[in-house]
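For reference, coords.txt (compact mmCIF, N, CA and C atoms and all ligand atoms):
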```txt
# COMPACT_ATOMS: atom_id res chain seq x y z
N MET A 1 84.43 184.01 235.07
CA MET A 1 84.60 184.32 236.49
C MET A 1 86.07 184.46 236.84
N HIS A 2 86.38 185.51 237.55
CA HIS A 2 87.72 185.85 238.00
C HIS A 2 88.42 184.67 238.72
N GLU A 3 87.72 184.08 239.68
CA GLU A 3 88.32 183.01 240.48
C GLU A 3 88.67 181.77 239.66
N GLN A 4 87.89 181.55 238.60
CA GLN A 4 88.13 180.37 237.77
C GLN A 4 89.47 180.49 237.04
N GLY A 5 89.75 181.68 236.55
CA GLY A 5 91.01 181.94 235.88
C GLY A 5 92.18 181.80 236.84
N LEU A 6 91.99 182.29 238.07
CA LEU A 6 93.03 182.20 239.09
C LEU A 6 93.28 180.75 239.47
N ALA A 7 92.21 180.00 239.62
CA ALA A 7 92.32 178.59 239.98
C ALA A 7 93.09 177.84 238.90
N ARG A 8 92.83 178.21 237.65
CA ARG A 8 93.49 177.55 236.53
C ARG A 8 95.00 177.84 236.52
N SER A 9 95.38 179.08 236.73
CA SER A 9 96.81 179.40 236.71
C SER A 9 97.51 178.83 237.93
N LEU A 10 96.77 178.75 239.04
CA LEU A 10 97.30 178.13 240.25
C LEU A 10 97.60 176.65 240.01
N LEU A 11 96.66 176.00 239.35
CA LEU A 11 96.81 174.58 239.07
C LEU A 11 98.01 174.33 238.15
N ARG A 12 98.26 175.26 237.24
CA ARG A 12 99.42 175.14 236.36
C ARG A 12 100.70 175.15 237.19
N GLU A 13 100.77 176.04 238.17
CA GLU A 13 101.94 176.12 239.05
C GLU A 13 102.10 174.83 239.86
N VAL A 14 100.96 174.34 240.37
CA VAL A 14 100.98 173.13 241.17
C VAL A 14 101.47 171.95 240.34
N LYS A 15 100.98 171.87 239.11
CA LYS A 15 101.37 170.76 238.22
C LYS A 15 102.86 170.77 237.91
N ALA A 16 103.43 171.98 237.79
CA ALA A 16 104.86 172.10 237.49
C ALA A 16 105.70 171.53 238.64
N VAL A 17 105.28 171.80 239.88
CA VAL A 17 105.99 171.27 241.04
C VAL A 17 105.75 169.77 241.16
N TRP A 18 104.53 169.39 240.96
CA TRP A 18 104.11 168.00 241.05
C TRP A 18 104.91 167.12 240.08
N ALA A 19 105.15 167.65 238.88
CA ALA A 19 105.86 166.91 237.84
C ALA A 19 107.28 166.54 238.28
N GLN A 20 107.82 167.30 239.22
CA GLN A 20 109.17 167.02 239.70
C GLN A 20 109.18 165.96 240.80
N HIS A 21 108.01 165.53 241.21
CA HIS A 21 107.91 164.52 242.27
C HIS A 21 107.06 163.35 241.82
N PRO A 22 107.61 162.53 240.94
CA PRO A 22 106.82 161.40 240.43
C PRO A 22 106.46 160.43 241.56
N GLY A 23 105.32 159.81 241.41
CA GLY A 23 104.90 158.84 242.41
C GLY A 23 104.31 159.48 243.65
N SER A 24 103.94 160.74 243.55
CA SER A 24 103.32 161.38 244.70
C SER A 24 101.95 161.94 244.31
N THR A 25 101.21 162.27 245.32
CA THR A 25 99.91 162.88 245.07
C THR A 25 99.82 164.18 245.88
N VAL A 26 99.07 165.11 245.39
CA VAL A 26 98.93 166.39 246.10
C VAL A 26 97.73 166.29 247.02
N SER A 27 97.96 166.54 248.31
CA SER A 27 96.85 166.43 249.25
C SER A 27 96.25 167.79 249.57
N GLN A 28 97.06 168.82 249.53
CA GLN A 28 96.56 170.14 249.89
C GLN A 28 97.47 171.23 249.32
N VAL A 29 96.85 172.34 248.96
CA VAL A 29 97.61 173.47 248.44
C VAL A 29 97.26 174.69 249.29
N ASP A 30 98.30 175.43 249.70
CA ASP A 30 98.10 176.63 250.51
C ASP A 30 98.48 177.87 249.71
N VAL A 31 97.62 178.87 249.73
CA VAL A 31 97.94 180.12 249.08
C VAL A 31 97.69 181.28 250.04
N GLN A 32 98.31 182.40 249.71
CA GLN A 32 98.15 183.61 250.51
C GLN A 32 97.46 184.65 249.63
N ALA A 33 96.44 185.28 250.19
CA ALA A 33 95.73 186.30 249.43
C ALA A 33 95.55 187.54 250.27
N GLY A 34 95.90 188.66 249.72
CA GLY A 34 95.76 189.92 250.42
C GLY A 34 94.52 190.66 249.94
N PRO A 35 94.17 191.74 250.64
CA PRO A 35 92.96 192.50 250.29
C PRO A 35 92.98 193.09 248.88
N LEU A 36 94.18 193.34 248.34
CA LEU A 36 94.24 193.93 247.01
C LEU A 36 94.20 192.89 245.89
N SER A 37 94.27 191.63 246.26
CA SER A 37 94.28 190.59 245.23
C SER A 37 92.89 190.42 244.62
N GLY A 38 91.88 190.91 245.33
CA GLY A 38 90.52 190.81 244.82
C GLY A 38 89.99 189.39 244.81
N VAL A 39 90.60 188.55 245.65
CA VAL A 39 90.21 187.15 245.68
C VAL A 39 89.14 186.89 246.73
N GLU A 40 88.12 186.18 246.34
CA GLU A 40 87.08 185.74 247.26
C GLU A 40 87.48 184.33 247.68
N PRO A 41 88.03 184.17 248.91
CA PRO A 41 88.60 182.87 249.31
C PRO A 41 87.70 181.66 249.06
N LEU A 42 86.44 181.79 249.44
CA LEU A 42 85.54 180.65 249.28
C LEU A 42 85.31 180.29 247.82
N LEU A 43 85.15 181.32 246.99
CA LEU A 43 84.94 181.08 245.57
C LEU A 43 86.16 180.44 244.93
N LEU A 44 87.33 180.89 245.36
CA LEU A 44 88.56 180.36 244.81
C LEU A 44 88.76 178.89 245.21
N ALA A 45 88.55 178.59 246.48
CA ALA A 45 88.68 177.21 246.97
C ALA A 45 87.71 176.31 246.23
N ASP A 46 86.53 176.84 246.00
CA ASP A 46 85.48 176.11 245.31
C ASP A 46 85.86 175.83 243.85
N ALA A 47 86.34 176.87 243.19
CA ALA A 47 86.74 176.75 241.79
C ALA A 47 87.89 175.76 241.64
N PHE A 48 88.82 175.80 242.61
CA PHE A 48 89.98 174.92 242.57
C PHE A 48 89.57 173.46 242.79
N ALA A 49 88.66 173.26 243.73
CA ALA A 49 88.17 171.91 244.01
C ALA A 49 87.46 171.32 242.78
N ARG A 50 86.68 172.17 242.12
CA ARG A 50 85.94 171.71 240.95
C ARG A 50 86.88 171.37 239.79
N LEU A 51 87.87 172.24 239.61
CA LEU A 51 88.83 172.08 238.53
C LEU A 51 89.65 170.79 238.70
N THR A 52 90.11 170.55 239.94
CA THR A 52 90.92 169.35 240.18
C THR A 52 90.07 168.09 240.10
N GLN A 53 88.82 168.22 240.50
CA GLN A 53 87.89 167.10 240.39
C GLN A 53 87.71 166.71 238.92
N GLU A 54 87.57 167.70 238.09
CA GLU A 54 87.42 167.49 236.65
C GLU A 54 88.63 166.81 236.04
N GLN A 55 89.81 167.28 236.46
CA GLN A 55 91.05 166.80 235.83
C GLN A 55 91.60 165.51 236.42
N PHE A 56 91.43 165.32 237.72
CA PHE A 56 92.04 164.15 238.36
C PHE A 56 91.02 163.18 238.95
N GLY A 57 89.76 163.55 238.91
CA GLY A 57 88.74 162.67 239.46
C GLY A 57 88.68 162.73 240.98
N THR A 58 89.50 163.58 241.56
CA THR A 58 89.46 163.78 243.00
C THR A 58 89.84 165.22 243.27
N SER A 59 89.20 165.85 244.21
CA SER A 59 89.47 167.27 244.40
C SER A 59 90.59 167.50 245.41
N ILE A 60 91.40 168.50 245.11
CA ILE A 60 92.50 168.88 246.00
C ILE A 60 92.03 170.08 246.81
N GLU A 61 92.29 170.00 248.10
CA GLU A 61 91.85 171.09 248.97
C GLU A 61 92.77 172.30 248.85
N LEU A 62 92.14 173.45 248.69
CA LEU A 62 92.90 174.70 248.61
C LEU A 62 92.61 175.50 249.87
N VAL A 63 93.66 175.85 250.60
CA VAL A 63 93.49 176.65 251.81
C VAL A 63 93.98 178.07 251.52
N VAL A 64 93.09 179.02 251.67
CA VAL A 64 93.44 180.41 251.40
C VAL A 64 93.71 181.14 252.72
N HIS A 65 94.95 181.60 252.87
CA HIS A 65 95.31 182.35 254.07
C HIS A 65 95.19 183.83 253.74
N GLN A 66 94.37 184.52 254.47
CA GLN A 66 94.20 185.94 254.21
C GLN A 66 95.19 186.74 255.04
N VAL A 67 95.90 187.63 254.39
CA VAL A 67 96.90 188.44 255.08
C VAL A 67 96.55 189.91 254.96
N PRO A 68 96.99 190.69 255.95
CA PRO A 68 96.73 192.13 255.85
C PRO A 68 97.64 192.77 254.81
N LEU A 69 97.27 193.93 254.39
CA LEU A 69 98.07 194.68 253.43
C LEU A 69 99.15 195.45 254.20
N THR A 70 100.40 195.23 253.84
CA THR A 70 101.48 195.96 254.50
C THR A 70 102.29 196.72 253.45
N ALA A 71 102.98 197.75 253.92
CA ALA A 71 103.76 198.56 253.01
C ALA A 71 104.94 199.18 253.74
N ILE A 72 105.92 199.60 252.98
CA ILE A 72 107.07 200.33 253.53
C ILE A 72 106.83 201.80 253.19
N CYS A 73 106.98 202.64 254.21
CA CYS A 73 106.83 204.07 253.99
C CYS A 73 108.11 204.60 253.35
N ASN A 74 107.97 205.26 252.22
CA ASN A 74 109.16 205.78 251.52
C ASN A 74 109.81 206.93 252.26
N GLN A 75 109.08 207.50 253.20
CA GLN A 75 109.59 208.66 253.91
C GLN A 75 110.35 208.27 255.17
N CYS A 76 109.73 207.44 256.06
CA CYS A 76 110.40 207.08 257.31
C CYS A 76 110.93 205.64 257.31
N ARG A 77 110.71 204.92 256.21
CA ARG A 77 111.20 203.56 256.01
C ARG A 77 110.63 202.54 256.99
N ARG A 78 109.56 202.86 257.66
CA ARG A 78 108.94 201.90 258.57
C ARG A 78 107.99 201.00 257.79
N GLU A 79 107.81 199.77 258.29
CA GLU A 79 106.83 198.90 257.66
C GLU A 79 105.52 199.10 258.40
N VAL A 80 104.47 199.40 257.67
CA VAL A 80 103.18 199.68 258.29
C VAL A 80 102.09 198.80 257.71
N THR A 81 101.02 198.63 258.49
CA THR A 81 99.87 197.87 258.01
C THR A 81 98.82 198.87 257.53
N ILE A 82 98.30 198.62 256.37
CA ILE A 82 97.32 199.54 255.80
C ILE A 82 95.92 199.02 256.08
N GLU A 83 95.14 199.86 256.74
CA GLU A 83 93.79 199.45 257.06
C GLU A 83 92.78 200.27 256.29
N ARG A 84 91.70 199.60 255.90
CA ARG A 84 90.63 200.25 255.15
C ARG A 84 91.14 201.05 253.96
N PHE A 85 92.20 200.52 253.34
CA PHE A 85 92.74 201.12 252.11
C PHE A 85 93.14 202.59 252.27
N ARG A 86 93.55 202.96 253.50
CA ARG A 86 94.03 204.32 253.70
C ARG A 86 95.54 204.31 253.52
N PHE A 87 95.98 204.79 252.37
CA PHE A 87 97.40 204.75 252.07
C PHE A 87 98.15 205.95 252.65
N VAL A 88 98.12 206.00 253.99
CA VAL A 88 98.83 207.06 254.70
C VAL A 88 99.63 206.39 255.82
N CYS A 89 100.88 206.76 255.96
CA CYS A 89 101.72 206.18 257.00
C CYS A 89 101.26 206.67 258.37
N PRO A 90 100.93 205.72 259.29
CA PRO A 90 100.46 206.13 260.62
C PRO A 90 101.59 206.73 261.45
N GLU A 91 102.82 206.52 261.06
CA GLU A 91 103.96 207.02 261.83
C GLU A 91 104.29 208.47 261.50
N CYS A 92 104.37 208.78 260.21
CA CYS A 92 104.82 210.12 259.84
C CYS A 92 103.84 210.86 258.93
N GLY A 93 102.77 210.18 258.55
CA GLY A 93 101.78 210.85 257.71
C GLY A 93 102.15 210.86 256.23
N GLY A 94 103.25 210.19 255.90
CA GLY A 94 103.68 210.13 254.51
C GLY A 94 102.67 209.38 253.65
N THR A 95 102.58 209.77 252.40
CA THR A 95 101.61 209.12 251.52
C THR A 95 102.27 208.31 250.41
N ARG A 96 103.61 208.27 250.44
CA ARG A 96 104.30 207.47 249.43
C ARG A 96 104.68 206.13 250.04
N LEU A 97 103.84 205.14 249.80
CA LEU A 97 104.03 203.83 250.39
C LEU A 97 104.25 202.79 249.29
N THR A 98 105.14 201.84 249.60
CA THR A 98 105.38 200.75 248.66
C THR A 98 104.84 199.46 249.27
N GLU A 99 103.88 198.85 248.62
CA GLU A 99 103.27 197.64 249.15
C GLU A 99 104.27 196.49 249.23
N THR A 100 104.24 195.80 250.36
CA THR A 100 105.16 194.67 250.52
C THR A 100 104.42 193.35 250.58
N GLN A 101 103.16 193.39 250.93
CA GLN A 101 102.39 192.15 251.05
C GLN A 101 100.92 192.47 250.93
N GLY A 102 100.20 191.55 250.33
CA GLY A 102 98.75 191.70 250.31
C GLY A 102 98.17 192.17 249.00
N ASP A 103 99.05 192.39 248.00
CA ASP A 103 98.52 192.89 246.74
C ASP A 103 98.35 191.79 245.69
N CYS A 104 98.65 190.57 246.08
CA CYS A 104 98.50 189.52 245.07
C CYS A 104 98.18 188.17 245.70
N LEU A 105 97.98 187.22 244.82
CA LEU A 105 97.74 185.85 245.24
C LEU A 105 99.06 185.12 245.13
N LYS A 106 99.48 184.45 246.20
CA LYS A 106 100.79 183.82 246.20
C LYS A 106 100.69 182.37 246.63
N LEU A 107 101.37 181.52 245.91
CA LEU A 107 101.40 180.12 246.25
C LEU A 107 102.36 179.92 247.42
N LEU A 108 101.86 179.37 248.52
CA LEU A 108 102.70 179.20 249.71
C LEU A 108 103.33 177.82 249.75
N SER A 109 102.51 176.78 249.69
CA SER A 109 103.05 175.44 249.75
C SER A 109 102.13 174.42 249.10
N ILE A 110 102.76 173.35 248.70
CA ILE A 110 102.03 172.24 248.10
C ILE A 110 102.36 171.01 248.92
N ASN A 111 101.35 170.40 249.51
CA ASN A 111 101.60 169.21 250.32
C ASN A 111 101.52 167.96 249.45
N LEU A 112 102.66 167.30 249.35
CA LEU A 112 102.74 166.09 248.55
C LEU A 112 102.73 164.87 249.46
N ALA A 113 102.05 163.84 249.04
CA ALA A 113 102.02 162.60 249.80
C ALA A 113 102.40 161.47 248.85
N ALA A 114 103.13 160.50 249.38
CA ALA A 114 103.52 159.36 248.55
C ALA A 114 102.30 158.50 248.26
N VAL A 115 102.24 158.00 247.05
CA VAL A 115 101.14 157.12 246.68
C VAL A 115 101.40 155.75 247.32
N ALA A 116 100.42 155.25 248.03
CA ALA A 116 100.57 153.97 248.72
C ALA A 116 100.67 152.84 247.71
ZN ZN A 201 106.24 207.06 257.43
```
Go ahead and render the structure in this file as structure tokens.
Ligand SMILES: [Zn+2]
Amino acid sequence: MHEQGLARSLLREVKAVWAQHPGSTVSQVDVQAGPLSGVEPLLLADAFARLTQEQFGTSIELVVHQVPLTAICNQCRREVTIERFRFVCPECGGTRLTETQGDCLKLLSINLAAVA
């Protein structure tokens, strides 16, 4: 399953940050996912919860923030939002667009809490 692999690589990133903060626990992880990332937010959160439960005996909550797909038009240099995967600039009709957000899964933040 696609989401399981993503959850696994996400957890690797989280562990790397976590390792730099000894004596803390991770309470929540926030990620950003755009329409082109192909991520099913619920499935990903589920896979992540299961994975952390397996490894730490307690599940870490994953919050997936969905963002729109945005791009810079190579012709008029405006930043535009792409809807329904129509890669046409609404300003000038240009079709050469460079995606700036929404094409991948991105780790936003890791909430660490001190162990009591
Ligand atoms: Zn344009």
Problem set entry | A:Leu10, A:Val29, A:Ile60, A:Leu69 ranked by distance to Gln101 of chain A, top pick (using all atoms listed in the file) |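 Counting all atoms listed in the file, the residue closest to Gln101 of chain A is A:Leu69.
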Point (102.7, 174.5, 245.2) neighbourhood (7 Å, only C-alpha atoms) written as a compact mmCIF listing (two decimals) with N, CA and C atoms, in the coordinates of the input:
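Done, and the output landed in point.txt:
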```
# COMPACT_ATOMS: atom_id res chain seq x y z
N GLU A 13 100.77 176.04 238.17
CA GLU A 13 101.94 176.12 239.05
C GLU A 13 102.10 174.83 239.86
N VAL A 14 100.96 174.34 240.37
CA VAL A 14 100.98 173.13 241.17
C VAL A 14 101.47 171.95 240.34
N VAL A 17 105.28 171.80 239.88
CA VAL A 17 105.99 171.27 241.04
C VAL A 17 105.75 169.77 241.16
N VAL A 29 96.85 172.34 248.96
CA VAL A 29 97.61 173.47 248.44
C VAL A 29 97.26 174.69 249.29
N LEU A 107 101.37 181.52 245.91
CA LEU A 107 101.40 180.12 246.25
C LEU A 107 102.36 179.92 247.42
N LEU A 108 101.86 179.37 248.52
CA LEU A 108 102.70 179.20 249.71
C LEU A 108 103.33 177.82 249.75
N SER A 109 102.51 176.78 249.69
CA SER A 109 103.05 175.44 249.75
C SER A 109 102.13 174.42 249.10
N ILE A 110 102.76 173.35 248.70
CA ILE A 110 102.03 172.24 248.10
C ILE A 110 102.36 171.01 248.92
```
Dump the neighbourhood of ligand ZN 201 (chain A) as a CSV table (one decimal) with N, CA and C atoms, keeping the file's coordinate frame: all residues within 7 Å, distances computed on only N, CA and C atoms and all ligand atoms.
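Saved result, out.csv, follows:
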```csv
chain,number,residue,atom,x,y,z
A,72,ILE,N,105.9,199.6,253.0
A,72,ILE,CA,107.1,200.3,253.5
A,72,ILE,C,106.8,201.8,253.2
A,73,CYS,N,107.0,202.6,254.2
A,73,CYS,CA,106.8,204.1,254.0
A,73,CYS,C,108.1,204.6,253.4
A,74,ASN,N,108.0,205.3,252.2
A,74,ASN,CA,109.2,205.8,251.5
A,74,ASN,C,109.8,206.9,252.3
A,75,GLN,N,109.1,207.5,253.2
A,75,GLN,CA,109.6,208.7,253.9
A,75,GLN,C,110.4,208.3,255.2
A,76,CYS,N,109.7,207.4,256.1
A,76,CYS,CA,110.4,207.1,257.3
A,76,CYS,C,110.9,205.6,257.3
A,77,ARG,N,110.7,204.9,256.2
A,77,ARG,CA,111.2,203.6,256.0
A,77,ARG,C,110.6,202.5,257.0
A,78,ARG,N,109.6,202.9,257.7
A,78,ARG,CA,108.9,201.9,258.6
A,78,ARG,C,108.0,201.0,257.8
A,88,VAL,N,98.1,206.0,254.0
A,88,VAL,CA,98.8,207.1,254.7
A,88,VAL,C,99.6,206.4,255.8
A,89,CYS,N,100.9,206.8,256.0
A,89,CYS,CA,101.7,206.2,257.0
A,89,CYS,C,101.3,206.7,258.4
A,90,PRO,N,100.9,205.7,259.3
A,90,PRO,CA,100.5,206.1,260.6
A,90,PRO,C,101.6,206.7,261.4
A,91,GLU,N,102.8,206.5,261.1
A,91,GLU,CA,104.0,207.0,261.8
A,91,GLU,C,104.3,208.5,261.5
A,92,CYS,N,104.4,208.8,260.2
A,92,CYS,CA,104.8,210.1,259.8
A,92,CYS,C,103.8,210.9,258.9
A,93,GLY,N,102.8,210.2,258.6
A,93,GLY,CA,101.8,210.8,257.7
A,93,GLY,C,102.2,210.9,256.2
A,94,GLY,N,103.2,210.2,255.9
A,94,GLY,CA,103.7,210.1,254.5
A,94,GLY,C,102.7,209.4,253.6
A,95,THR,N,102.6,209.8,252.4
A,95,THR,CA,101.6,209.1,251.5
A,95,THR,C,102.3,208.3,250.4
```
Exercise. What is the distance, in Å and to one decimal place, between atom CA of Glu83 of chain A and atom CA of Gly102 of chain A?
Worked result: 11.4 Å
Just want the 7 Å neighbourhood of segment 5-9 of chain A, counted on only N, CA and C atoms, with same-chain residues fewer than 6 positions away dropped. Output as a PDB file with N, CA and C atoms, in the coordinates of the input.
```pdb
ATOM      1  N   LEU A  44      87.330 180.890 245.360  1.00  0.00           N
ATOM      2  CA  LEU A  44      88.560 180.360 244.810  1.00  0.00           C
ATOM      3  C   LEU A  44      88.760 178.890 245.210  1.00  0.00           C
ATOM      4  N   ALA A  47      86.340 176.870 243.190  1.00  0.00           N
ATOM      5  CA  ALA A  47      86.740 176.750 241.790  1.00  0.00           C
ATOM      6  C   ALA A  47      87.890 175.760 241.640  1.00  0.00           C
ATOM      7  N   PHE A  48      88.820 175.800 242.610  1.00  0.00           N
ATOM      8  CA  PHE A  48      89.980 174.920 242.570  1.00  0.00           C
ATOM      9  C   PHE A  48      89.570 173.460 242.790  1.00  0.00           C
TER      10      PHE A  48
END
```
Problem set entry | A:Ala16, A:Leu11, A:Ile82, A:Val67 ranked by distance to Gln32 of chain A, top pick (using all atoms listed in the file) |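 Residue with the minimum atom-to-atom distance to Gln32 of chain A: A:Val67.
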Seminar exercise, completed: In terms of only N, CA and C atoms, the residue from A:Ala19, A:Val31, A:Ala114, A:Leu97 at minimal distance from Thr70 of chain A is A:Leu97
Problem set entry | Two-atom distance - atom N of Ala113 of chain A, atom C of Gly34 of chain A (Å) |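 Atom C of Gly34 of chain A lies at a distance of 27.9 Å from atom N of Ala113 of chain A.
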For this session: In Å, rounded to a single decimal, give me how far atom N of Arg50 of chain A is from atom CA of Val115 of chain A.
Result: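 One can read the atom CA of Val115 of chain A to atom N of Arg50 of chain A distance as 21.4 Å.
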